[in-house]
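Read the structure below first, then the notes.
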Amino acid sequence: MKVGFIQFNPRFGEADRNLETLERLVEAVDADLLVLPELFNTGYLFVNADEVGALSEEIPGGKTTEFLIRLARRKGIHLLGGLAERDGDRFYNSAVLVSPGGYTGKYRKVHLFFEETLWFTPGDGEFPVFDIGSCRLGVMICFDWYFPEAARVLALKGAQVIGHPANLVLPYCQEAMKTRCLENRVFAVTCNRTGTENRDGKSLTYTGKSQVVNFRSEVLLRAGEAEETVGIVAFDPAQALDKAINLHNDLFRDRRPSFYGEIVKTG
């Protein structure tokens, strides 16, 4: 399976330009699955609710999803990317998955970060796992990485690969995802963006370093901090089905859920 990421610097509010950049970068790519950044079509640093309303789209049916469907069909590829979703009077930080056959599904970000909490509604569905033929693909978005339960749920639901669109500003995620892969024996593709956004007196600098990590926590491929690049690596996702750590220990068989009740207590 050929899997990778497209790391670039989206321009805020310039959806047409960002889609053109994506199409240019995908053109020469031969892959089964490509992961795009979080909010790749709009940029990230919203400063008011009017911007969120103006730049959000329906999933499916919106301009960006339709564009991705056409691109996936033409290239024979699966694409997973993040965008702002409009659903009635609510807005979600979402990821959409499309295939050569069309729209496959979406995920609404459960763990909102920083000022996202001002603009978006927290995700209202499950962490999804999609059978895309070449693997079972789980999806989470950016700050979800901070919560080990997210990756564990995806692994327990059968994910072999975790697709992880991101706009990372904290310095820890790339290393932490090595642990997420090790503790779940899965592969993960984290696609980050680059650049700095300066808007209305606010500034965010994104850390780049998109990466693919295997089930042993080894980094198979990592981009630089600032480069615009497409990274592709081949691996066998079936390796993630083997949860044996040694002759006597199996990651999932050895779990003791009856002792983990504190994890899900809300009080």
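Labeling convention for the structure tokens: chains A, B, ... as they appear, residues from 1 per chain, ligands from 1 in order of appearance.
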
Exercise: Glu66 in chain A partners within 10 Å, only C-alpha atoms, chain neighbours under 5 positions left out, as a compact mmCIF listing (two decimals) with N, CA, C and O atoms, in the first residue's frame:
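File out_28.txt, as written:
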```
# COMPACT_ATOMS: atom_id res chain seq x y z
N ILE A 59 -21.01 18.86 3.85
CA ILE A 59 -20.34 17.59 3.54
C ILE A 59 -21.39 16.48 3.61
O ILE A 59 -21.95 16.25 4.68
N PRO A 60 -21.64 15.79 2.50
CA PRO A 60 -21.14 16.05 1.15
C PRO A 60 -21.94 17.17 0.48
O PRO A 60 -22.80 17.78 1.11
N GLY A 61 -21.63 17.41 -0.76
CA GLY A 61 -22.38 18.39 -1.55
C GLY A 61 -21.69 19.72 -1.70
O GLY A 61 -22.03 20.48 -2.61
N LEU A 71 -11.11 14.76 -8.21
CA LEU A 71 -9.67 14.51 -8.21
C LEU A 71 -9.38 13.05 -7.86
O LEU A 71 -8.53 12.41 -8.49
N ALA A 72 -10.09 12.51 -6.88
CA ALA A 72 -9.89 11.12 -6.49
C ALA A 72 -10.26 10.17 -7.63
O ALA A 72 -9.57 9.16 -7.87
N VAL A 98 -12.81 10.70 0.60
CA VAL A 98 -13.39 10.38 -0.70
C VAL A 98 -12.53 9.30 -1.36
O VAL A 98 -11.36 9.13 -1.04
N GLY A 102 -16.31 7.92 -5.14
CA GLY A 102 -17.11 9.05 -4.66
C GLY A 102 -16.94 9.30 -3.17
O GLY A 102 -15.93 8.90 -2.56
N TYR A 103 -17.94 9.92 -2.59
CA TYR A 103 -17.91 10.26 -1.17
C TYR A 103 -17.97 9.00 -0.32
O TYR A 103 -18.80 8.12 -0.54
```

Secondary structure check, helix (DSSP H, G or I) residues of range 4-247 of chain A, as an MDAnalysis selection string: chainID A and resid 15:26 49:55 63:75 116:119 142:146 148:156 173:184 237:241

Mind checking DSSP for range 114-202 of chain A and telling me the strand (DSSP E) residues as a list in words? Val129, Phe130, Asp131, Arg136, Leu137, Gly138, Val139, Val161, Ile162, Gly163, His164, Pro165, Phe187, Ala188, Val189, Thr190, Cys191, Thr196, Glu197, Asn198, Arg199 and Lys202 of chain A

Grab the CA of Val161 in chain A to CA of Glu115 in chain A distance for me, in Å with one decimal place.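 Separating CA of Val161 in chain A from CA of Glu115 in chain A is a distance of 28.9 Å.
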
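For the set A:Glu228, A:Asp131, A:Glu51, A:Glu85, the residue with the smallest atom-to-atom gap to Thr21 in chain A is A:Glu228, counting only C-alpha atoms.
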
Proximity of range 101-184 of chain A to range 200-214 of chain A: per-residue shortest pair, 12 Å limit, only C-alpha atoms, as a tab-separated table:
```
residue	atom	partner	partner_atom	distance
A:Phe114	CA	A:Leu204	CA	11.5
A:Glu115	CA	A:Lys202	CA	11.2
A:Cys142	CA	A:Ser210	CA	11.7
A:Gln160	CA	A:Asn214	CA	10.0
A:Val161	CA	A:Asn214	CA	8.9
A:Ile162	CA	A:Val213	CA	9.8
A:Gly163	CA	A:Val212	CA	9.6
A:His164	CA	A:Ser210	CA	9.8
A:Pro165	CA	A:Ser210	CA	9.5
A:Ala166	CA	A:Ser210	CA	8.9
A:Asn167	CA	A:Tyr206	CA	6.4
A:Leu168	CA	A:Tyr206	CA	5.5
A:Val169	CA	A:Tyr206	CA	4.8
A:Leu170	CA	A:Thr207	CA	7.7
A:Pro171	CA	A:Thr207	CA	7.1
A:Tyr172	CA	A:Thr207	CA	9.9
A:Cys173	CA	A:Thr207	CA	9.7
A:Gln174	CA	A:Lys209	CA	7.4
A:Glu175	CA	A:Val213	CA	9.9
A:Ala176	CA	A:Val213	CA	10.7
A:Met177	CA	A:Val213	CA	7.6
A:Lys178	CA	A:Val213	CA	6.4
A:Thr179	CA	A:Val213	CA	9.7
A:Arg180	CA	A:Val213	CA	9.6
A:Cys181	CA	A:Asn214	CA	6.6
A:Leu182	CA	A:Asn214	CA	8.0
A:Glu183	CA	A:Asn214	CA	11.3
A:Asn184	CA	A:Asn214	CA	10.5
```

Next, the residues of the selection above should be written as a PDB file, in the first residue's frame with C-alpha atoms.
```pdb
ATOM      1  CA  PHE A 114      -7.926  26.760  21.693  1.00  0.00           C
ATOM      2  CA  GLU A 115     -10.202  29.238  19.847  1.00  0.00           C
ATOM      3  CA  CYS A 142      -5.117  17.301  15.117  1.00  0.00           C
ATOM      4  CA  GLN A 160      -4.832  -0.600  10.682  1.00  0.00           C
ATOM      5  CA  VAL A 161      -3.915   2.934   9.609  1.00  0.00           C
ATOM      6  CA  ILE A 162      -4.873   6.200  11.311  1.00  0.00           C
ATOM      7  CA  GLY A 163      -5.262   9.202   9.026  1.00  0.00           C
ATOM      8  CA  HIS A 164      -4.541  12.374  10.975  1.00  0.00           C
ATOM      9  CA  PRO A 165      -5.103  15.761   9.284  1.00  0.00           C
ATOM     10  CA  ALA A 166      -3.539  18.460  11.480  1.00  0.00           C
ATOM     11  CA  ASN A 167      -2.601  22.104  11.926  1.00  0.00           C
ATOM     12  CA  LEU A 168      -0.033  21.598  14.661  1.00  0.00           C
ATOM     13  CA  VAL A 169       1.428  24.455  16.687  1.00  0.00           C
ATOM     14  CA  LEU A 170       2.481  22.577  19.844  1.00  0.00           C
ATOM     15  CA  PRO A 171       5.928  20.928  19.583  1.00  0.00           C
ATOM     16  CA  TYR A 172       5.034  17.488  20.911  1.00  0.00           C
ATOM     17  CA  CYS A 173       2.692  15.738  18.505  1.00  0.00           C
ATOM     18  CA  GLN A 174       5.118  14.173  16.070  1.00  0.00           C
ATOM     19  CA  GLU A 175       6.935  12.379  18.864  1.00  0.00           C
ATOM     20  CA  ALA A 176       3.711  11.526  20.710  1.00  0.00           C
ATOM     21  CA  MET A 177       2.268   9.844  17.632  1.00  0.00           C
ATOM     22  CA  LYS A 178       5.128   7.348  17.789  1.00  0.00           C
ATOM     23  CA  THR A 179       3.739   6.303  21.163  1.00  0.00           C
ATOM     24  CA  ARG A 180       0.161   6.181  19.845  1.00  0.00           C
ATOM     25  CA  CYS A 181       1.323   3.762  17.155  1.00  0.00           C
ATOM     26  CA  LEU A 182       3.337   1.647  19.571  1.00  0.00           C
ATOM     27  CA  GLU A 183       0.606   1.345  22.195  1.00  0.00           C
ATOM     28  CA  ASN A 184      -1.939   0.324  19.545  1.00  0.00           C
TER      29      ASN A 184
END
```

What's around range 28-41 of chain A at 9 Å? Count only C-alpha atoms, leave out sequence neighbours fewer than 4 positions away in its own chain, and write the answer as a short mmCIF file (atom, residue, chain, number, x, y, z; two decimals) with all heavy atoms, in the first residue's frame.
```
data_model
loop_
_atom_site.label_atom_id
_atom_site.label_comp_id
_atom_site.auth_asym_id
_atom_site.auth_seq_id
_atom_site.Cartn_x
_atom_site.Cartn_y
_atom_site.Cartn_z
N MET A 1 0.85 -1.19 0.00
CA MET A 1 0.00 0.00 0.00
C MET A 1 0.88 1.24 0.00
O MET A 1 1.81 1.35 0.81
CB MET A 1 -0.91 -0.01 1.23
CG MET A 1 -1.86 1.16 1.32
SD MET A 1 -2.85 1.10 2.82
CE MET A 1 -3.90 2.53 2.56
N LYS A 2 0.61 2.17 -0.92
CA LYS A 2 1.36 3.43 -0.98
C LYS A 2 0.54 4.52 -0.31
O LYS A 2 -0.57 4.83 -0.74
CB LYS A 2 1.65 3.81 -2.44
CG LYS A 2 2.57 2.85 -3.17
CD LYS A 2 2.80 3.31 -4.60
CE LYS A 2 3.69 2.35 -5.34
NZ LYS A 2 3.88 2.77 -6.76
N VAL A 3 1.11 5.09 0.74
CA VAL A 3 0.40 6.04 1.59
C VAL A 3 1.26 7.27 1.77
O VAL A 3 2.49 7.19 1.82
CB VAL A 3 0.10 5.41 2.96
CG1 VAL A 3 -0.55 6.41 3.90
CG2 VAL A 3 -0.79 4.19 2.80
N GLY A 4 0.62 8.44 1.90
CA GLY A 4 1.43 9.63 2.11
C GLY A 4 0.64 10.83 2.54
O GLY A 4 -0.54 10.76 2.90
N PHE A 5 1.31 11.97 2.50
CA PHE A 5 0.77 13.25 2.94
C PHE A 5 1.13 14.33 1.93
O PHE A 5 2.08 14.20 1.16
CB PHE A 5 1.31 13.61 4.33
CG PHE A 5 2.81 13.56 4.44
CD1 PHE A 5 3.62 14.56 3.90
CD2 PHE A 5 3.43 12.49 5.09
CE1 PHE A 5 4.99 14.50 4.00
CE2 PHE A 5 4.82 12.42 5.19
CZ PHE A 5 5.60 13.43 4.64
N ILE A 6 0.34 15.39 1.96
CA ILE A 6 0.64 16.58 1.16
C ILE A 6 0.77 17.75 2.13
O ILE A 6 -0.21 18.23 2.69
CB ILE A 6 -0.44 16.86 0.11
CG1 ILE A 6 -0.50 15.70 -0.88
CG2 ILE A 6 -0.17 18.17 -0.61
CD1 ILE A 6 -1.45 15.91 -2.02
N GLN A 7 2.01 18.20 2.34
CA GLN A 7 2.29 19.28 3.27
C GLN A 7 2.47 20.58 2.49
O GLN A 7 3.31 20.66 1.60
CB GLN A 7 3.54 18.96 4.08
CG GLN A 7 3.96 20.08 5.02
CD GLN A 7 5.13 19.69 5.91
OE1 GLN A 7 4.97 18.90 6.83
NE2 GLN A 7 6.31 20.25 5.63
N PHE A 8 1.67 21.60 2.83
CA PHE A 8 1.82 22.89 2.18
C PHE A 8 1.29 23.98 3.09
O PHE A 8 0.91 23.73 4.23
CB PHE A 8 1.15 22.90 0.80
CG PHE A 8 -0.36 22.88 0.82
CD1 PHE A 8 -1.09 24.01 0.48
CD2 PHE A 8 -1.07 21.72 1.12
CE1 PHE A 8 -2.48 24.00 0.47
CE2 PHE A 8 -2.45 21.71 1.10
CZ PHE A 8 -3.16 22.84 0.79
N ASN A 9 1.30 25.21 2.60
CA ASN A 9 0.91 26.39 3.38
C ASN A 9 -0.38 26.97 2.80
O ASN A 9 -0.34 27.82 1.91
CB ASN A 9 2.03 27.42 3.34
CG ASN A 9 1.70 28.68 4.14
OD1 ASN A 9 0.70 28.74 4.85
ND2 ASN A 9 2.54 29.70 4.01
N PRO A 10 -1.54 26.52 3.28
CA PRO A 10 -2.80 27.10 2.77
C PRO A 10 -2.90 28.59 3.07
O PRO A 10 -2.45 29.05 4.13
CB PRO A 10 -3.87 26.31 3.54
CG PRO A 10 -3.19 25.07 4.01
CD PRO A 10 -1.78 25.47 4.28
N ARG A 11 -3.49 29.34 2.16
CA ARG A 11 -3.71 30.77 2.34
C ARG A 11 -5.11 31.00 2.89
O ARG A 11 -6.08 30.49 2.34
CB ARG A 11 -3.53 31.51 1.02
CG ARG A 11 -2.15 31.30 0.39
CD ARG A 11 -1.03 31.85 1.26
NE ARG A 11 0.28 31.66 0.66
CZ ARG A 11 0.86 32.56 -0.15
NH1 ARG A 11 0.23 33.70 -0.44
NH2 ARG A 11 2.04 32.32 -0.66
N PHE A 12 -5.20 31.78 3.96
CA PHE A 12 -6.49 31.94 4.62
C PHE A 12 -7.52 32.57 3.67
O PHE A 12 -7.27 33.61 3.05
CB PHE A 12 -6.39 32.79 5.88
CG PHE A 12 -7.69 32.80 6.65
CD1 PHE A 12 -7.96 31.80 7.56
CD2 PHE A 12 -8.65 33.76 6.39
CE1 PHE A 12 -9.18 31.76 8.22
CE2 PHE A 12 -9.87 33.73 7.05
CZ PHE A 12 -10.13 32.73 7.97
N GLY A 13 -8.70 31.94 3.60
CA GLY A 13 -9.82 32.47 2.83
C GLY A 13 -9.71 32.31 1.33
O GLY A 13 -10.62 32.70 0.61
N GLU A 14 -8.61 31.71 0.84
CA GLU A 14 -8.38 31.60 -0.60
C GLU A 14 -8.60 30.15 -1.04
O GLU A 14 -7.67 29.45 -1.46
CB GLU A 14 -6.98 32.08 -0.98
CG GLU A 14 -6.73 33.54 -0.62
CD GLU A 14 -5.37 34.03 -1.06
OE1 GLU A 14 -4.86 33.52 -2.10
OE2 GLU A 14 -4.81 34.91 -0.39
N ALA A 15 -9.85 29.71 -0.95
CA ALA A 15 -10.16 28.30 -1.21
C ALA A 15 -9.77 27.88 -2.62
O ALA A 15 -9.19 26.80 -2.82
CB ALA A 15 -11.64 28.04 -0.96
N ASP A 16 -10.08 28.71 -3.62
CA ASP A 16 -9.76 28.35 -4.99
C ASP A 16 -8.25 28.15 -5.16
O ASP A 16 -7.80 27.18 -5.80
CB ASP A 16 -10.26 29.41 -5.96
CG ASP A 16 -11.77 29.41 -6.09
OD1 ASP A 16 -12.40 28.40 -5.72
OD2 ASP A 16 -12.33 30.42 -6.55
N ARG A 17 -7.48 29.06 -4.61
CA ARG A 17 -6.02 28.95 -4.71
C ARG A 17 -5.52 27.69 -3.99
O ARG A 17 -4.63 26.99 -4.50
CB ARG A 17 -5.36 30.18 -4.13
CG ARG A 17 -3.84 30.13 -4.12
CD ARG A 17 -3.24 31.45 -3.68
NE ARG A 17 -1.79 31.39 -3.66
CZ ARG A 17 -0.99 32.43 -3.54
NH1 ARG A 17 -1.51 33.64 -3.46
NH2 ARG A 17 0.32 32.28 -3.51
N ASN A 18 -6.07 27.40 -2.82
CA ASN A 18 -5.63 26.22 -2.08
C ASN A 18 -5.98 24.93 -2.80
O ASN A 18 -5.19 23.98 -2.80
CB ASN A 18 -6.25 26.24 -0.68
CG ASN A 18 -5.75 27.40 0.16
OD1 ASN A 18 -4.61 27.86 0.00
ND2 ASN A 18 -6.59 27.91 1.04
N LEU A 19 -7.13 24.89 -3.45
CA LEU A 19 -7.50 23.71 -4.22
C LEU A 19 -6.61 23.56 -5.44
O LEU A 19 -6.23 22.44 -5.82
CB LEU A 19 -8.97 23.78 -4.63
CG LEU A 19 -9.99 23.74 -3.50
CD1 LEU A 19 -11.41 23.82 -4.06
CD2 LEU A 19 -9.83 22.51 -2.63
N LEU A 22 -3.37 22.09 -4.24
CA LEU A 22 -3.53 20.66 -4.01
C LEU A 22 -3.50 19.88 -5.32
O LEU A 22 -2.80 18.88 -5.44
CB LEU A 22 -4.85 20.41 -3.28
CG LEU A 22 -5.26 18.94 -3.15
CD1 LEU A 22 -4.26 18.16 -2.32
CD2 LEU A 22 -6.67 18.83 -2.57
N ARG A 24 -2.16 20.66 -8.14
CA ARG A 24 -0.81 20.66 -8.70
C ARG A 24 0.09 19.63 -8.00
O ARG A 24 0.84 18.91 -8.64
CB ARG A 24 -0.20 22.06 -8.56
CG ARG A 24 1.29 22.14 -8.88
CD ARG A 24 1.79 23.57 -8.84
NE ARG A 24 1.59 24.20 -7.55
CZ ARG A 24 2.39 24.04 -6.50
NH1 ARG A 24 3.45 23.23 -6.59
NH2 ARG A 24 2.17 24.67 -5.36
N THR A 64 -15.77 21.92 -2.00
CA THR A 64 -14.50 21.23 -1.77
C THR A 64 -14.66 19.73 -1.86
O THR A 64 -13.83 19.04 -2.47
CB THR A 64 -13.92 21.62 -0.40
OG1 THR A 64 -13.64 23.04 -0.41
CG2 THR A 64 -12.63 20.88 -0.11
N LYS A 75 -7.53 10.40 -10.38
CA LYS A 75 -6.23 9.84 -10.01
C LYS A 75 -6.32 8.42 -9.47
O LYS A 75 -5.29 7.78 -9.25
CB LYS A 75 -5.59 10.74 -8.95
CG LYS A 75 -5.20 12.12 -9.43
CD LYS A 75 -4.07 12.05 -10.47
CE LYS A 75 -2.81 11.49 -9.86
NZ LYS A 75 -1.70 11.40 -10.83
N GLY A 76 -7.52 7.92 -9.24
CA GLY A 76 -7.66 6.58 -8.69
C GLY A 76 -7.07 6.47 -7.29
O GLY A 76 -6.32 5.54 -6.99
N ILE A 77 -7.45 7.41 -6.43
CA ILE A 77 -6.80 7.54 -5.13
C ILE A 77 -7.83 7.85 -4.05
O ILE A 77 -8.92 8.36 -4.36
CB ILE A 77 -5.75 8.69 -5.21
CG1 ILE A 77 -4.75 8.64 -4.07
CG2 ILE A 77 -6.42 10.05 -5.26
CD1 ILE A 77 -3.58 9.59 -4.28
N HIS A 78 -7.52 7.53 -2.81
CA HIS A 78 -8.32 7.96 -1.67
C HIS A 78 -7.70 9.23 -1.09
O HIS A 78 -6.48 9.30 -0.92
CB HIS A 78 -8.37 6.88 -0.59
CG HIS A 78 -9.15 5.67 -0.99
ND1 HIS A 78 -8.62 4.67 -1.78
CD2 HIS A 78 -10.42 5.30 -0.71
CE1 HIS A 78 -9.54 3.74 -1.97
NE2 HIS A 78 -10.64 4.08 -1.33
N LEU A 79 -8.54 10.20 -0.77
CA LEU A 79 -8.09 11.48 -0.22
C LEU A 79 -8.83 11.74 1.09
O LEU A 79 -10.05 11.62 1.16
CB LEU A 79 -8.36 12.63 -1.19
CG LEU A 79 -7.63 12.59 -2.53
CD1 LEU A 79 -8.19 13.65 -3.48
CD2 LEU A 79 -6.12 12.78 -2.34
N LEU A 80 -8.06 12.12 2.11
CA LEU A 80 -8.62 12.47 3.41
C LEU A 80 -8.13 13.86 3.77
O LEU A 80 -6.92 14.08 3.90
CB LEU A 80 -8.18 11.47 4.47
CG LEU A 80 -8.55 11.79 5.92
CD1 LEU A 80 -10.06 11.72 6.13
CD2 LEU A 80 -7.82 10.86 6.89
N GLY A 81 -9.05 14.82 3.92
CA GLY A 81 -8.65 16.19 4.22
C GLY A 81 -9.62 16.89 5.12
O GLY A 81 -10.81 16.54 5.19
N GLY A 82 -9.13 17.92 5.81
CA GLY A 82 -9.95 18.64 6.78
C GLY A 82 -10.54 19.92 6.22
O GLY A 82 -9.88 20.65 5.48
N LEU A 83 -11.79 20.20 6.59
CA LEU A 83 -12.45 21.43 6.19
C LEU A 83 -13.52 21.81 7.19
O LEU A 83 -13.96 20.98 8.00
CB LEU A 83 -13.04 21.33 4.78
CG LEU A 83 -14.10 20.27 4.50
CD1 LEU A 83 -15.00 20.72 3.36
CD2 LEU A 83 -13.44 18.95 4.10
N ALA A 84 -13.94 23.05 7.14
CA ALA A 84 -15.01 23.53 8.01
C ALA A 84 -16.35 23.12 7.41
O ALA A 84 -16.65 23.44 6.26
CB ALA A 84 -14.92 25.05 8.15
N ASN A 93 -15.43 21.32 12.79
CA ASN A 93 -14.10 21.11 12.22
C ASN A 93 -14.06 19.64 11.81
O ASN A 93 -13.95 18.75 12.65
CB ASN A 93 -13.03 21.42 13.27
CG ASN A 93 -11.62 21.31 12.72
OD1 ASN A 93 -11.39 20.67 11.70
ND2 ASN A 93 -10.67 21.91 13.42
N SER A 94 -14.16 19.39 10.52
CA SER A 94 -14.41 18.04 10.03
C SER A 94 -13.31 17.55 9.10
O SER A 94 -12.49 18.33 8.60
CB SER A 94 -15.76 17.98 9.30
OG SER A 94 -16.83 18.26 10.18
N ALA A 95 -13.32 16.25 8.86
CA ALA A 95 -12.48 15.63 7.84
C ALA A 95 -13.39 14.84 6.92
O ALA A 95 -14.34 14.18 7.37
CB ALA A 95 -11.44 14.71 8.46
N SER A 99 -13.16 8.58 -2.28
CA SER A 99 -12.50 7.48 -2.97
C SER A 99 -12.72 7.64 -4.47
O SER A 99 -13.47 8.51 -4.91
CB SER A 99 -13.11 6.15 -2.50
OG SER A 99 -14.41 5.99 -3.04
N SER A 134 -7.68 -1.40 0.58
CA SER A 134 -6.28 -1.70 0.88
C SER A 134 -6.00 -1.75 2.38
O SER A 134 -4.97 -2.28 2.81
CB SER A 134 -5.37 -0.67 0.21
OG SER A 134 -5.78 0.65 0.53
N ILE A 141 -8.48 14.05 14.10
CA ILE A 141 -8.03 15.35 13.63
C ILE A 141 -7.18 16.01 14.71
O ILE A 141 -7.60 16.13 15.86
CB ILE A 141 -9.21 16.27 13.28
CG1 ILE A 141 -10.05 15.68 12.14
CG2 ILE A 141 -8.71 17.67 12.89
CD1 ILE A 141 -11.31 16.48 11.83
N CYS A 142 -6.01 16.45 14.35
CA CYS A 142 -5.12 17.30 15.12
C CYS A 142 -5.13 17.00 16.61
O CYS A 142 -4.63 15.99 17.06
CB CYS A 142 -5.43 18.76 14.82
SG CYS A 142 -4.03 19.87 15.18
N GLY A 163 -5.47 7.98 9.78
CA GLY A 163 -5.26 9.20 9.03
C GLY A 163 -5.50 10.40 9.93
O GLY A 163 -6.54 10.49 10.58
N HIS A 164 -4.56 11.34 9.94
CA HIS A 164 -4.54 12.37 10.97
C HIS A 164 -4.27 13.75 10.36
O HIS A 164 -3.16 14.26 10.43
CB HIS A 164 -3.45 12.00 12.00
CG HIS A 164 -3.36 12.89 13.19
ND1 HIS A 164 -2.18 13.09 13.87
CD2 HIS A 164 -4.30 13.64 13.83
CE1 HIS A 164 -2.38 13.92 14.87
NE2 HIS A 164 -3.66 14.27 14.87
N PRO A 165 -5.28 14.39 9.75
CA PRO A 165 -5.10 15.76 9.28
C PRO A 165 -4.85 16.68 10.48
O PRO A 165 -5.50 16.55 11.52
CB PRO A 165 -6.45 16.09 8.61
CG PRO A 165 -7.08 14.76 8.33
CD PRO A 165 -6.62 13.86 9.44
N ALA A 166 -3.92 17.64 10.33
CA ALA A 166 -3.54 18.46 11.48
C ALA A 166 -3.09 19.85 11.05
O ALA A 166 -2.67 20.08 9.92
CB ALA A 166 -2.42 17.77 12.26
N ASN A 167 -3.22 20.77 12.00
CA ASN A 167 -2.60 22.10 11.93
C ASN A 167 -1.87 22.29 13.25
O ASN A 167 -2.35 22.98 14.16
CB ASN A 167 -3.65 23.20 11.74
CG ASN A 167 -4.09 23.41 10.30
OD1 ASN A 167 -4.85 24.33 10.01
ND2 ASN A 167 -3.63 22.58 9.39
N VAL A 189 -0.60 8.30 9.68
CA VAL A 189 -0.16 9.34 8.76
C VAL A 189 -0.64 10.67 9.32
O VAL A 189 -1.85 10.95 9.32
CB VAL A 189 -0.73 9.13 7.35
CG1 VAL A 189 -0.14 10.17 6.38
CG2 VAL A 189 -0.46 7.72 6.85
N THR A 190 0.28 11.46 9.83
CA THR A 190 -0.04 12.80 10.31
C THR A 190 0.35 13.80 9.24
O THR A 190 1.52 13.89 8.86
CB THR A 190 0.72 13.13 11.61
OG1 THR A 190 0.28 12.25 12.64
CG2 THR A 190 0.48 14.56 12.05
N CYS A 191 -0.63 14.53 8.71
CA CYS A 191 -0.35 15.56 7.71
C CYS A 191 -0.54 16.93 8.35
O CYS A 191 -1.66 17.32 8.68
CB CYS A 191 -1.24 15.41 6.49
SG CYS A 191 -0.84 16.65 5.22
N ASN A 192 0.54 17.65 8.51
CA ASN A 192 0.53 18.99 9.07
C ASN A 192 0.68 20.01 7.95
O ASN A 192 1.05 19.68 6.83
CB ASN A 192 1.67 19.13 10.08
CG ASN A 192 1.53 20.34 10.97
OD1 ASN A 192 0.46 20.93 11.07
ND2 ASN A 192 2.60 20.72 11.63
N ARG A 193 0.42 21.27 8.26
CA ARG A 193 0.65 22.36 7.32
C ARG A 193 1.93 23.10 7.72
O ARG A 193 2.56 22.79 8.75
CB ARG A 193 -0.52 23.33 7.29
CG ARG A 193 -0.79 24.01 8.62
CD ARG A 193 -1.68 25.23 8.46
NE ARG A 193 -0.98 26.30 7.74
CZ ARG A 193 -1.54 27.43 7.35
NH1 ARG A 193 -2.82 27.64 7.61
NH2 ARG A 193 -0.86 28.35 6.71
N VAL A 230 5.24 16.46 -1.09
CA VAL A 230 4.42 15.27 -1.08
C VAL A 230 5.30 14.12 -0.63
O VAL A 230 6.34 13.86 -1.24
CB VAL A 230 3.83 14.97 -2.47
CG1 VAL A 230 2.96 13.72 -2.42
CG2 VAL A 230 3.03 16.15 -2.98
N GLY A 231 4.92 13.45 0.44
CA GLY A 231 5.68 12.31 0.93
C GLY A 231 4.90 11.03 0.74
O GLY A 231 3.74 10.94 1.13
N ILE A 232 5.54 10.02 0.13
CA ILE A 232 4.89 8.73 -0.13
C ILE A 232 5.79 7.62 0.38
O ILE A 232 7.01 7.64 0.15
CB ILE A 232 4.65 8.51 -1.64
CG1 ILE A 232 3.83 9.66 -2.23
CG2 ILE A 232 3.96 7.17 -1.88
CD1 ILE A 232 2.41 9.71 -1.78
N VAL A 233 5.20 6.64 1.05
CA VAL A 233 5.94 5.48 1.50
C VAL A 233 5.05 4.25 1.34
O VAL A 233 3.82 4.34 1.44
CB VAL A 233 6.41 5.66 2.96
CG1 VAL A 233 5.22 5.70 3.91
CG2 VAL A 233 7.39 4.58 3.36
N ALA A 234 5.66 3.11 1.09
CA ALA A 234 4.91 1.86 0.94
C ALA A 234 5.08 1.00 2.18
O ALA A 234 6.18 0.90 2.75
CB ALA A 234 5.40 1.10 -0.29
#
```

Coordinates-based distance that separates CA of Arg152 in chain A from CA of His248 in chain A (Å, one decimal):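 Computing the Euclidean distance for CA of His248 in chain A and CA of Arg152 in chain A yields 21.3 Å.
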
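Put simply, CA of Asn246 in chain A is 28.5 Å away from CA of Arg222 in chain A.
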
Counting only C-alpha atoms, figure out which residue out of A:Ile263, A:Ala223, A:Ala155, A:Val110 gets nearest to Leu251 in chain A. A:Ala155

Would you mind listing what lies within 8 Å of Ala150 in chain A as a VMD selection string, with only C-alpha atoms counted and same-chain residues fewer than 6 positions away left out? chain A and resid 127 140 144

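Of the residues listed (A:Tyr92, A:Phe67, A:Tyr107, A:Phe215), A:Phe215 shows the shortest atom-to-atom separation from Ala244 in chain A; distances use only C-alpha atoms.
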